[in-house]
Structures are given as structure tokens and as C-alpha cells.
There are 2 protein chains.
Amino acid sequence: MNLPEKAEDTFIQRYFARLATDDGAFGLHDDAASISVPDHQDLIVSTDTLVADVHFFAEDPPAKIAQKALRVNLSDIAAKGARPVGYFLNLTLPDAFMRSDEWMSEFSHGLQQDQSEFNVHLMGGDTVRCANTGVITICAYGVVPTGQMVRRNGAEAGDRLYVTGTIGDAALGLLMRKAKLHGLDTIDQDIGDAIRALDPQIKRHTEDRYLLPQPRTGISSALLAHASAAMDVSDGLVGDARTLANASSVALKIHTDQIPYSTGLEILSDESILQRICLTGGDDYEILCTVPAGQCASFEDSAVAANIAVAHIGHVKSGSGVEVIGNDGKELSFSQSSYDHFS
Amino acid sequence: MNLPEKAEDTFIQRYFARLATDDGAFGLHDDAASISVPDHQDLIVSTDTLVADVHFFAEDPPAKIAQKALRVNLSDIAAKGARPVGYFLNLTLPDAFMRSDEWMSEFSHGLQQDQSEFNVHLMGGDTVRCANTGVITICAYGVVPTGQMVRRNGAEAGDRLYVTGTIGDAALGLLMRKAKLHGLDTIDQDIGDAIRALDPQIKRHTEDRYLLPQPRTGISSALLAHASAAMDVSDGLVGDARTLANASSVALKIHTDQIPYSTGLEILSDESILQRICLTGGDDYEILCTVPAGQCASFEDSAVAANIAVAHIGHVKSGSGVEVIGNDGKELSFSQSSYDHFS
């Protein structure tokens, strides 16, 4: 009796087997993957779930949805000083998406592009078709020398505080998306007016940053060599800085005039409602880290060599919490410090 | 500025931090976990997603939902000859569940019980609250000596075919659940009549088996030592046997009179509609394996020592596909060989 191939196996072979080029993935033909970790290395593992209409829009291009799901995990791996290696993909998608060859092909192609860009491989996963749910879980892993993972808890008074790239683009990009979807008049009038005043080019740039994060994998070896603590900024700079401060039992002082903004947003002042959104909105996927004063020059040199901008935005003090100091030298206060889908 | 703790952090600390007792989980206070793999060992990783009303019922006891999600993954790990070590949990649940302290406490307690039973630890994960979706992904891992993972593709002609435990309980249990939910009259009349004829005790037993799989982790060292190929039976014995046959490029011959059934189901004959359900229904989470003839005695001894029943249900031949031989020596045919949520 030769039975027909199971539909799920056919689906996996069609869209995903070509992404599973590592020997330990067994072409996605087995129950499990086998990972061979080199001697004197630890495996660093991070996993994030993205839910349609919470973390992305179901109508986004499928390639971008796939890449965002992968990249938010690579961002965590990089923040720990690890070199990314592979990932597992668990896909729960509405029937209509999974039955669309076009949608699935683009999704798979997006992953393939990022596999080349970030040198990672699909190692396994699971697929479930369901009525109306889009839930994508990726579990990514990388390697660091044994015991060397860069933690959140190593910041010490006197260290300097850095952040990569630019802050707030994605939070503004999400606003742009919502404004497009529901109309500018559904947004708080002050914010709507501020958005209208922005250059169309910077509006497009922020939307792109929301759609497709740029994980700073290039900075991981500089973090490993020099950072006392690091984490990725995914839920808003101020709130994530608070998390790092708490983990390290220190205080962080941030100067708003040192925050790196994209070209077109440098105009943001402490009085700008948009700056507030930039500092507390989510989806930056930049890296916040602390570096002992004596290693800052080497850290900055390594960042230049890796072609990743880093900005010295503040420093570590004894105490607790986060101080955000405005242009006039006075402390700003925030009622909500970060994106919190639980609140 | 001391900002309030993020609601998600509080939630994680309340329900999950006590499950994360391994040093490498950092008390769930970091972006990632660090896994130290012993020299000369490979990490064996499997991940499964369970969706409410596809793989479990949303009204099931939360402890059992949690345990099922973990156990289906431990079953895969065991089937590969690996010793389970840890897991990551990605939880997407309806708001009402996540806000219920009772529901979450029971869910967490279920995991804690199974962590003790199977000697595994929570290493990390993610939680997303959403409108109406229940999607649980677990990514579990274990260890085997380097290069020794028991594959699906090692079966050779002459090997004997074994299965652990009993077959079909969970598939019948799912039928019982559906009958209770929607009434026996919504089920095919022949099946309804057959169910009515069963003893109430066996009905309860099958429901329990559906609710809570028993992963055969105790058999993993016997598999590692003796099996030429193995996989867990999750989508139906006949279909999964076909998968193993295809992977190994061999044929499998199964004798229905050798299939192990639970007490109260031995009455099933080749003519019984329930036997057909047992052989092709899902959720067994037993282990199907092939063992070279010369090692069968040692394999059976090891299984006895591990207190896990194994039944010799057939053998491996050259050729392809699966032959299921009935009591009268004639081949049975199946229109659908396994549960296939894609079909």
C-alpha cells in the first residue's frame, strides 16, 4: 500500500526544505534537529512571537513579515555578543495565506534573502493551519565563547551608555501606518499636526523601519570584547534603559540632545510630542549597551570598523532608575516609559 | 525617575520565573538563555505548536494544556534517543486567560509538575496577550552523544518493528470528547454505535490519554543503544509508519493482531470501525522503532528495565510503503492513513 504524501510534508518540502541547508536539519525530514556546538562555546537562544495586528499587519508583504520575525530574534542574539547561527520557525497562519502559493513563496523567499544576509539556517519548526490566526514564533540561536554572553546585569557606575543606529523611527512608522489605515483624524490632534509637518521622505523612511528592522549583528563582536551590559531596544528606549538599570542595580542618565535621530528628525526638541513617541515607542531593534570608560575608544573603533553608528547618550551612576535630561538640563518625566502590550 | 515595573515582566516573574531554575535561564531576566552543551554531545531540538480547538480544547484544565504542550515535544526528543534537558515556551493566549490568576497559576503548576517528572527546566520564552487566540509553542531540547541521534532513515530489511505502549487510545478519546461536546448523533452512526458498546472505564481512559500524553522518555537510552530508526507516533500509526518507511527507503509490514491495545479494546477486530480509527488517528505519542534482529533481545530487556511496554508489531522488508496485514492474512487498505490537519 503506497499512501499519498501527507499534505503537511508536501507543504514543508515545497516552501521550507531549501532553507534547511545545514546537515543537522536533515532536510526537515526528521522529528528533530541536531546541533553540534563547538567546544568552549555556549549556545545563546532567544525566542519571540509575532502576532498579526499586534506586531505586524496581516496585509504587510509576506517577505517582510517573515524577515521581521527572524530579525527581531537576531537582534536579541546580537545584543548578547553572540554570532547568530540558526533558527526554528513555528508558523500558525490562516488557511487563506497557507493555501496561497504566492503568499507562501514570498514568505519563504524573504527568509532565504535574510539567511544569506545574516548567514543563518532554518533548522526545523512546525506549521499549523487555522481559521483566522496569524502567529509566528521564531527561536534563534547563536554562539559565544563559554560563559561570555553579554548580560543585562553588568553595568557599573562610571560606564558610558551607548545606543546603535537611530531611535524612534519605527515608533513613528507605526503611527504613519495607523494614520494611513484609519485616517489622521483618528490620531490625537497634536500628534497628527506634528506628523503632517514631517517631510514625505522621512515619513517613508519611518514606515520602512517599522516594516523591516535592521538587527545590528555587526556589533556583536565589539559588544563581546568591550560591553559590560547590553540588550536590544525593542519596547522603547526609556523603558528598556530602566530594565537594564534594574538588572544591573544602577541608575542610567540619558541626555536627549545626544539621542541619535534619523535625518529629518533632528528637528525634534524636548517640547516635541514626537520626541516623546520616539523615546518610549517600540520596535527600534537597536542595541543599548554600557562600556567601561577605559574601553570606549576601542569600542567606538570596533563599531566604525563594523560600519555601525553608535552614539554616546549618557552614563551609568550609582542609584536606581533612569534620568532623562532635556536640553535645558532639567529632567523630563514620562507617564509611560515603553510599549507594553500587557498594560 | 523610577518607572513602574512593566506588566509583562511582572507576569513573567509571577508565573514562570520559578520554573527557570537553570543558571543559563538567568531567572528570565535577560534577552536570551545560555546553554552549555557538554563536550562530545549534540543538542537535539524539537518544536511543536498547539492551537486551541485544533490540538486541545480551550476549556481543558490549564495544567493539562500546559503538560500536553510540553509532553508532545518530550516525545520527539525521546524518540531520537536523547535525554531531555530544557525547553522554551511561547504563549499567545486570550486576554481572559492571561488575566485569570487561577488559569495562569494552574498552567504554571502543570509545567512545574512535569518539570519534576521529566527533569527538565524552563529556559526562556515569550508571552503575547491577544483577543481570541490560543497558540502555545514549545521548543524542547535534549542531548545525545555526538552524531548518535536516532534518525528516521536507518531502518533496514530484516529489522523488526516495535511500538511502545498502546495504540489508538487518544484517537478514541478525541471522539469521546467530540461526542460529549456535540452529541453522539453528530458522529457517524456506525462509530456512535461502536462507542456506545464500550465499557465506561475504557471511555474515561481514552479521554485521559487524549488529554495527557505519556511521552516515553524512559525508552530513549534503549533506542540509542539498539534502534536503527525511530520516530514518535503523533499523527496515526499507519501514516507515521509510512513516513518512517519512506525516510528509510524500505517497506514496513504490520500485523494487526500484534498491535497493542489498552485493556477493554482488545476486542477490536479487523472489521471494527474503531480499529481503523486507532490505526490512523493521531495523538498516540508512542514510539515506533526498528531494531536489528540481533539486538532485539537486548532492546526488549532494556525496555523491561525501563518499565515501558514494547510490542513487536511487524518487520522491515525491501520495497516501499506500508503493508497492514489483518488477522486473516490479507492486506487491509486505508483511504486516509493519518491525521492531517493540512488536508
# chains A, B, ... in the order shown; residues from 1 in each chain; ligands from 1
call {"tool": "select_by_dssp", "arguments": {"residues": "stretch 130-329 of chain A", "states": "strand (DSSP E or B)", "output": "PyMOL selection string"}}
result
chain A and resi 130+135-145+160-164+229-233+251-255+286-291+310-317+321-325
call {"tool": "closest_atom_pairs", "arguments": {"of": "chain B", "to": "chain A", "cutoff": "7 Å", "atoms": "only C-alpha atoms", "output": "JSON lines"}}
result
{"residue": "B:Met1", "atom": "CA", "partner": "A:Val322", "partner_atom": "CA", "distance": 5.6}
{"residue": "B:Asn2", "atom": "CA", "partner": "A:Gly321", "partner_atom": "CA", "distance": 4.8}
{"residue": "B:Lys6", "atom": "CA", "partner": "A:Asp340", "partner_atom": "CA", "distance": 6.7}
{"residue": "B:Ala7", "atom": "CA", "partner": "A:Phe342", "partner_atom": "CA", "distance": 5.5}
{"residue": "B:Glu8", "atom": "CA", "partner": "A:Phe342", "partner_atom": "CA", "distance": 5.5}
{"residue": "B:Asp30", "atom": "CA", "partner": "A:Arg152", "partner_atom": "CA", "distance": 6.1}
{"residue": "B:Asp31", "atom": "CA", "partner": "A:Asp76", "partner_atom": "CA", "distance": 6.0}
{"residue": "B:Ala32", "atom": "CA", "partner": "A:Ser46", "partner_atom": "CA", "distance": 4.6}
{"residue": "B:Ala33", "atom": "CA", "partner": "A:Val45", "partner_atom": "CA", "distance": 5.2}
{"residue": "B:Ser34", "atom": "CA", "partner": "A:Ile44", "partner_atom": "CA", "distance": 4.6}
{"residue": "B:Ile35", "atom": "CA", "partner": "A:Leu43", "partner_atom": "CA", "distance": 4.9}
{"residue": "B:Ser36", "atom": "CA", "partner": "A:Asp42", "partner_atom": "CA", "distance": 5.0}
{"residue": "B:Val37", "atom": "CA", "partner": "A:Val37", "partner_atom": "CA", "distance": 6.9}
{"residue": "B:Asp39", "atom": "CA", "partner": "A:Asp39", "partner_atom": "CA", "distance": 6.2}
{"residue": "B:Asp42", "atom": "CA", "partner": "A:Ser36", "partner_atom": "CA", "distance": 5.0}
{"residue": "B:Leu43", "atom": "CA", "partner": "A:Ile35", "partner_atom": "CA", "distance": 5.0}
{"residue": "B:Ile44", "atom": "CA", "partner": "A:Ser34", "partner_atom": "CA", "distance": 4.6}
{"residue": "B:Val45", "atom": "CA", "partner": "A:Ala33", "partner_atom": "CA", "distance": 5.2}
{"residue": "B:Ser46", "atom": "CA", "partner": "A:Ala32", "partner_atom": "CA", "distance": 4.6}
{"residue": "B:Thr47", "atom": "CA", "partner": "A:Gly125", "partner_atom": "CA", "distance": 5.7}
{"residue": "B:Asp48", "atom": "CA", "partner": "A:Asp126", "partner_atom": "CA", "distance": 5.6}
{"residue": "B:Thr49", "atom": "CA", "partner": "A:Asp126", "partner_atom": "CA", "distance": 6.4}
{"residue": "B:Asp76", "atom": "CA", "partner": "A:Asp31", "partner_atom": "CA", "distance": 6.0}
{"residue": "B:Asn90", "atom": "CA", "partner": "A:Thr49", "partner_atom": "CA", "distance": 6.6}
{"residue": "B:Gly125", "atom": "CA", "partner": "A:Thr47", "partner_atom": "CA", "distance": 5.7}
{"residue": "B:Asp126", "atom": "CA", "partner": "A:Asp48", "partner_atom": "CA", "distance": 5.6}
{"residue": "B:Arg129", "atom": "CA", "partner": "A:Phe342", "partner_atom": "CA", "distance": 6.6}
{"residue": "B:Thr133", "atom": "CA", "partner": "A:Thr133", "partner_atom": "CA", "distance": 6.9}
{"residue": "B:Arg151", "atom": "CA", "partner": "A:Asp30", "partner_atom": "CA", "distance": 6.7}
{"residue": "B:Arg152", "atom": "CA", "partner": "A:Asp30", "partner_atom": "CA", "distance": 6.1}
{"residue": "B:Met231", "atom": "CA", "partner": "A:Asp31", "partner_atom": "CA", "distance": 6.6}
{"residue": "B:Gly321", "atom": "CA", "partner": "A:Asn2", "partner_atom": "CA", "distance": 4.8}
{"residue": "B:Val322", "atom": "CA", "partner": "A:Met1", "partner_atom": "CA", "distance": 5.6}
{"residue": "B:Glu323", "atom": "CA", "partner": "A:Met1", "partner_atom": "CA", "distance": 5.7}
{"residue": "B:Ser333", "atom": "CA", "partner": "A:Met1", "partner_atom": "CA", "distance": 7.0}
{"residue": "B:Asp340", "atom": "CA", "partner": "A:Lys6", "partner_atom": "CA", "distance": 6.7}
{"residue": "B:Phe342", "atom": "CA", "partner": "A:Ala7", "partner_atom": "CA", "distance": 5.5}
{"residue": "B:Ser343", "atom": "CA", "partner": "A:Ala7", "partner_atom": "CA", "distance": 5.7}
call {"tool": "residues_around", "arguments": {"residues": "stretch 68-72 of chain A", "least_positions_apart": "4", "cutoff": "6 Å", "atoms": "only C-alpha atoms", "output": "PyMOL selection string"}}
result
chain A and resi 64+212+215
call {"tool": "write_last_selection", "arguments": {"atoms": "all heavy atoms", "output": "mmCIF file, in the first residue's frame"}}
result
data_model
loop_
_atom_site.group_PDB
_atom_site.id
_atom_site.type_symbol
_atom_site.label_atom_id
_atom_site.label_comp_id
_atom_site.auth_asym_id
_atom_site.auth_seq_id
_atom_site.Cartn_x
_atom_site.Cartn_y
_atom_site.Cartn_z
ATOM 1 N N LYS A 64 8.368 40.583 4.082
ATOM 2 C CA LYS A 64 8.737 41.486 5.178
ATOM 3 C C LYS A 64 8.269 40.929 6.530
ATOM 4 O O LYS A 64 8.956 41.078 7.541
ATOM 5 C CB LYS A 64 8.117 42.870 4.952
ATOM 6 C CG LYS A 64 8.601 43.567 3.686
ATOM 7 C CD LYS A 64 10.041 44.008 3.806
ATOM 8 C CE LYS A 64 10.448 44.948 2.670
ATOM 9 N NZ LYS A 64 10.625 44.216 1.384
ATOM 10 N N LEU A 212 10.612 46.692 8.589
ATOM 11 C CA LEU A 212 11.791 45.833 8.478
ATOM 12 C C LEU A 212 12.914 46.329 9.388
ATOM 13 O O LEU A 212 13.692 47.208 9.020
ATOM 14 C CB LEU A 212 12.273 45.832 7.018
ATOM 15 C CG LEU A 212 13.240 44.719 6.664
ATOM 16 C CD1 LEU A 212 12.586 43.360 6.853
ATOM 17 C CD2 LEU A 212 13.724 44.872 5.238
ATOM 18 N N PRO A 215 18.645 44.384 12.387
ATOM 19 C CA PRO A 215 19.342 43.882 13.577
ATOM 20 C C PRO A 215 20.831 44.175 13.460
ATOM 21 O O PRO A 215 21.422 44.015 12.390
ATOM 22 C CB PRO A 215 19.069 42.381 13.543
ATOM 23 C CG PRO A 215 18.813 42.060 12.116
ATOM 24 C CD PRO A 215 18.182 43.295 11.511
#
call {"tool": "residues_around", "arguments": {"residues": "stretch 190-193 of chain A", "least_positions_apart": "5", "cutoff": "10 Å", "atoms": "only C-alpha atoms", "output": "number ranges by chain"}}
result
A: 175-176, 179, 183-185, 198, 272-274, 277
call {"tool": "residues_around", "arguments": {"residues": "B:Gly154", "least_positions_apart": "6", "cutoff": "10 Å", "atoms": "only C-alpha atoms", "output": "PyMOL selection string"}}
result
chain B and resi 227-230+244-245+247-250+289-291
call {"tool": "select_by_dssp", "arguments": {"residues": "stretch 26-261 of chain B", "states": "helix (DSSP H, G or I)", "output": "JSON, numbers by chain"}}
result
{"B": [26, 27, 28, 62, 63, 64, 65, 66, 67, 68, 69, 70, 71, 72, 73, 74, 75, 76, 77, 78, 79, 95, 96, 97, 98, 101, 102, 103, 104, 105, 106, 107, 108, 109, 110, 111, 112, 113, 114, 115, 116, 117, 118, 169, 170, 171, 172, 173, 174, 175, 176, 177, 178, 179, 180, 181, 182, 184, 185, 186, 189, 190, 191, 192, 193, 194, 195, 196, 200, 201, 202, 203, 204, 205, 206, 207, 208, 209, 210, 211, 217, 218, 219, 220, 221, 222, 223, 224, 225, 226, 237, 238, 239, 240, 241, 242, 243, 244, 245, 246, 247, 248, 256, 257, 258]}
call {"tool": "residues_around", "arguments": {"residues": "B:Pro62", "least_positions_apart": "3", "cutoff": "10 Å", "atoms": "only C-alpha atoms", "output": "VMD selection string"}}
result
chain B and resid 57 to 59 65 to 68 97 102 to 111
call {"tool": "atom_distance", "arguments": {"atom1": "atom CA of B:Lys330", "atom2": "atom CA of B:Thr256"}}
result
10.5 Å
call {"tool": "atom_distance", "arguments": {"atom1": "atom CA of A:Arg196", "atom2": "atom CA of A:Val163"}}
result
28.1 Å
call {"tool": "residues_around", "arguments": {"residues": "B:Asp257", "least_positions_apart": "3", "cutoff": "9 Å", "atoms": "only C-alpha atoms", "output": "ChimeraX atom specification"}}
result
/B:254,260,269-270,313,325-327
call {"tool": "write_last_selection", "arguments": {"atoms": "all heavy atoms", "output": "compact mmCIF listing (two decimals), in the first residue's frame"}}
result
# COMPACT_ATOMS: atom_id res chain seq x y z
N ILE B 254 3.07 -4.61 8.92
CA ILE B 254 2.49 -4.55 10.27
C ILE B 254 1.38 -5.59 10.35
O ILE B 254 0.56 -5.70 9.43
CB ILE B 254 1.91 -3.14 10.55
CG1 ILE B 254 3.02 -2.10 10.57
CG2 ILE B 254 1.14 -3.12 11.87
CD1 ILE B 254 2.52 -0.66 10.70
N PRO B 260 -0.68 -3.38 20.00
CA PRO B 260 -1.04 -3.36 21.42
C PRO B 260 -2.19 -2.38 21.69
O PRO B 260 -2.08 -1.20 21.38
CB PRO B 260 0.25 -2.85 22.09
CG PRO B 260 0.92 -2.02 21.03
CD PRO B 260 0.54 -2.60 19.70
N SER B 269 -11.56 -5.88 16.28
CA SER B 269 -11.20 -6.81 15.20
C SER B 269 -10.92 -6.01 13.94
O SER B 269 -11.12 -4.80 13.89
CB SER B 269 -12.38 -7.74 14.95
OG SER B 269 -13.44 -6.97 14.39
N ASP B 270 -10.46 -6.70 12.91
CA ASP B 270 -10.19 -6.02 11.64
C ASP B 270 -11.46 -5.41 11.06
O ASP B 270 -11.40 -4.50 10.26
CB ASP B 270 -9.61 -7.01 10.63
CG ASP B 270 -8.21 -7.45 11.04
OD1 ASP B 270 -7.62 -6.79 11.91
OD2 ASP B 270 -7.73 -8.44 10.48
N ILE B 313 5.46 -5.49 16.36
CA ILE B 313 4.24 -5.45 15.53
C ILE B 313 4.48 -5.77 14.06
O ILE B 313 3.52 -5.80 13.28
CB ILE B 313 3.54 -4.07 15.61
CG1 ILE B 313 4.46 -2.95 15.12
CG2 ILE B 313 3.05 -3.80 17.02
CD1 ILE B 313 3.74 -1.62 14.93
N ILE B 325 -1.35 -6.16 7.62
CA ILE B 325 -1.90 -7.50 7.40
C ILE B 325 -2.91 -7.82 8.49
O ILE B 325 -2.59 -7.77 9.68
CB ILE B 325 -0.76 -8.55 7.44
CG1 ILE B 325 0.34 -8.18 6.44
CG2 ILE B 325 -1.32 -9.95 7.13
CD1 ILE B 325 -0.10 -8.11 5.00
N GLY B 326 -4.13 -8.11 8.08
CA GLY B 326 -5.20 -8.42 9.04
C GLY B 326 -5.09 -9.83 9.60
O GLY B 326 -4.22 -10.62 9.20
N ASN B 327 -6.00 -10.15 10.51
CA ASN B 327 -6.00 -11.46 11.17
C ASN B 327 -6.10 -12.62 10.18
O ASN B 327 -5.58 -13.70 10.44
CB ASN B 327 -7.18 -11.56 12.14
CG ASN B 327 -7.00 -10.62 13.32
OD1 ASN B 327 -5.88 -10.19 13.60
ND2 ASN B 327 -8.10 -10.29 13.99
call {"tool": "atom_distance", "arguments": {"atom1": "atom CA of B:Ile202", "atom2": "atom CA of B:Arg177"}}
result
13.4 Å
call {"tool": "closest_residue", "arguments": {"among": "A:Val233, A:Ala171, A:Val310, A:Ala225", "to": "A:His205", "atoms": "only C-alpha atoms"}}
result
A:Ala171
call {"tool": "decode", "arguments": {"residues": "stretch 230-270 of chain A", "atoms": "N, CA and C atoms", "output": "short mmCIF file (atom, residue, chain, number, x, y, z; two decimals), in the first residue's frame"}}
result
data_model
loop_
_atom_site.label_atom_id
_atom_site.label_comp_id
_atom_site.auth_asym_id
_atom_site.auth_seq_id
_atom_site.Cartn_x
_atom_site.Cartn_y
_atom_site.Cartn_z
N ALA A 230 24.41 44.76 27.95
CA ALA A 230 23.75 45.12 26.69
C ALA A 230 22.39 44.45 26.60
N MET A 231 21.51 45.08 25.84
CA MET A 231 20.20 44.48 25.50
C MET A 231 19.71 45.17 24.24
N ASP A 232 18.75 44.55 23.57
CA ASP A 232 18.23 45.28 22.43
C ASP A 232 17.05 46.15 22.86
N VAL A 233 16.88 47.25 22.14
CA VAL A 233 15.81 48.20 22.44
C VAL A 233 14.62 47.80 21.57
N SER A 234 13.65 47.13 22.18
CA SER A 234 12.51 46.68 21.38
C SER A 234 11.21 47.29 21.87
N ASP A 235 11.17 47.73 23.11
CA ASP A 235 9.92 48.24 23.67
C ASP A 235 9.96 49.73 24.01
N GLY A 236 11.00 50.42 23.53
CA GLY A 236 11.12 51.86 23.83
C GLY A 236 12.39 52.13 24.62
N LEU A 237 13.13 53.13 24.21
CA LEU A 237 14.44 53.40 24.80
C LEU A 237 14.37 53.62 26.31
N VAL A 238 13.45 54.48 26.76
CA VAL A 238 13.43 54.83 28.18
C VAL A 238 13.07 53.62 29.04
N GLY A 239 12.06 52.88 28.62
CA GLY A 239 11.65 51.71 29.39
C GLY A 239 12.71 50.62 29.38
N ASP A 240 13.34 50.41 28.24
CA ASP A 240 14.37 49.37 28.16
C ASP A 240 15.61 49.78 28.95
N ALA A 241 15.92 51.09 28.95
CA ALA A 241 17.03 51.57 29.79
C ALA A 241 16.72 51.30 31.26
N ARG A 242 15.46 51.49 31.64
CA ARG A 242 15.06 51.19 33.02
C ARG A 242 15.28 49.71 33.34
N THR A 243 14.93 48.84 32.38
CA THR A 243 15.14 47.40 32.56
C THR A 243 16.62 47.09 32.78
N LEU A 244 17.48 47.69 31.96
CA LEU A 244 18.91 47.46 32.11
C LEU A 244 19.42 48.00 33.45
N ALA A 245 18.94 49.18 33.81
CA ALA A 245 19.34 49.78 35.10
C ALA A 245 18.94 48.86 36.26
N ASN A 246 17.70 48.38 36.22
CA ASN A 246 17.22 47.49 37.29
C ASN A 246 18.06 46.21 37.36
N ALA A 247 18.31 45.62 36.17
CA ALA A 247 19.06 44.35 36.15
C ALA A 247 20.45 44.55 36.73
N SER A 248 21.04 45.72 36.50
CA SER A 248 22.41 45.98 36.95
C SER A 248 22.47 46.66 38.32
N SER A 249 21.29 46.98 38.89
CA SER A 249 21.24 47.71 40.17
C SER A 249 22.05 49.01 40.11
N VAL A 250 21.82 49.76 39.06
CA VAL A 250 22.48 51.06 38.89
C VAL A 250 21.42 52.05 38.37
N ALA A 251 21.82 53.30 38.24
CA ALA A 251 20.97 54.31 37.59
C ALA A 251 21.59 54.65 36.24
N LEU A 252 20.74 55.00 35.27
CA LEU A 252 21.23 55.46 33.97
C LEU A 252 20.78 56.90 33.77
N LYS A 253 21.70 57.71 33.25
CA LYS A 253 21.38 59.11 32.94
C LYS A 253 21.51 59.27 31.43
N ILE A 254 20.44 59.73 30.80
CA ILE A 254 20.40 59.88 29.34
C ILE A 254 20.19 61.35 29.01
N HIS A 255 20.94 61.87 28.04
CA HIS A 255 20.79 63.27 27.62
C HIS A 255 20.06 63.31 26.27
N THR A 256 18.92 63.99 26.23
CA THR A 256 18.13 63.97 24.99
C THR A 256 18.90 64.56 23.81
N ASP A 257 19.79 65.53 24.09
CA ASP A 257 20.50 66.14 22.94
C ASP A 257 21.55 65.19 22.34
N GLN A 258 21.75 64.05 22.98
CA GLN A 258 22.68 63.06 22.42
C GLN A 258 21.97 61.90 21.72
N ILE A 259 20.65 61.88 21.81
CA ILE A 259 19.90 60.77 21.19
C ILE A 259 20.06 60.85 19.67
N PRO A 260 20.43 59.75 19.03
CA PRO A 260 20.60 59.78 17.57
C PRO A 260 19.26 59.66 16.83
N TYR A 261 18.93 60.67 16.04
CA TYR A 261 17.72 60.62 15.23
C TYR A 261 18.07 60.55 13.75
N SER A 262 17.14 60.00 12.99
CA SER A 262 17.34 59.95 11.54
C SER A 262 17.33 61.35 10.95
N THR A 263 17.99 61.51 9.82
CA THR A 263 17.95 62.76 9.07
C THR A 263 16.48 63.10 8.80
N GLY A 264 16.12 64.33 9.16
CA GLY A 264 14.72 64.73 9.00
C GLY A 264 14.01 64.76 10.34
N LEU A 265 14.62 64.11 11.34
CA LEU A 265 14.02 64.13 12.68
C LEU A 265 14.89 64.88 13.69
N GLU A 266 16.06 65.38 13.21
CA GLU A 266 16.93 66.09 14.17
C GLU A 266 16.22 67.32 14.73
N ILE A 267 15.19 67.76 14.02
CA ILE A 267 14.43 68.92 14.47
C ILE A 267 13.68 68.69 15.78
N LEU A 268 13.55 67.42 16.19
CA LEU A 268 12.76 67.13 17.39
C LEU A 268 13.38 67.78 18.62
N SER A 269 12.57 68.51 19.34
CA SER A 269 13.03 69.16 20.56
C SER A 269 12.38 68.48 21.76
N ASP A 270 12.79 68.86 22.95
CA ASP A 270 12.19 68.30 24.16
C ASP A 270 10.70 68.61 24.23
#
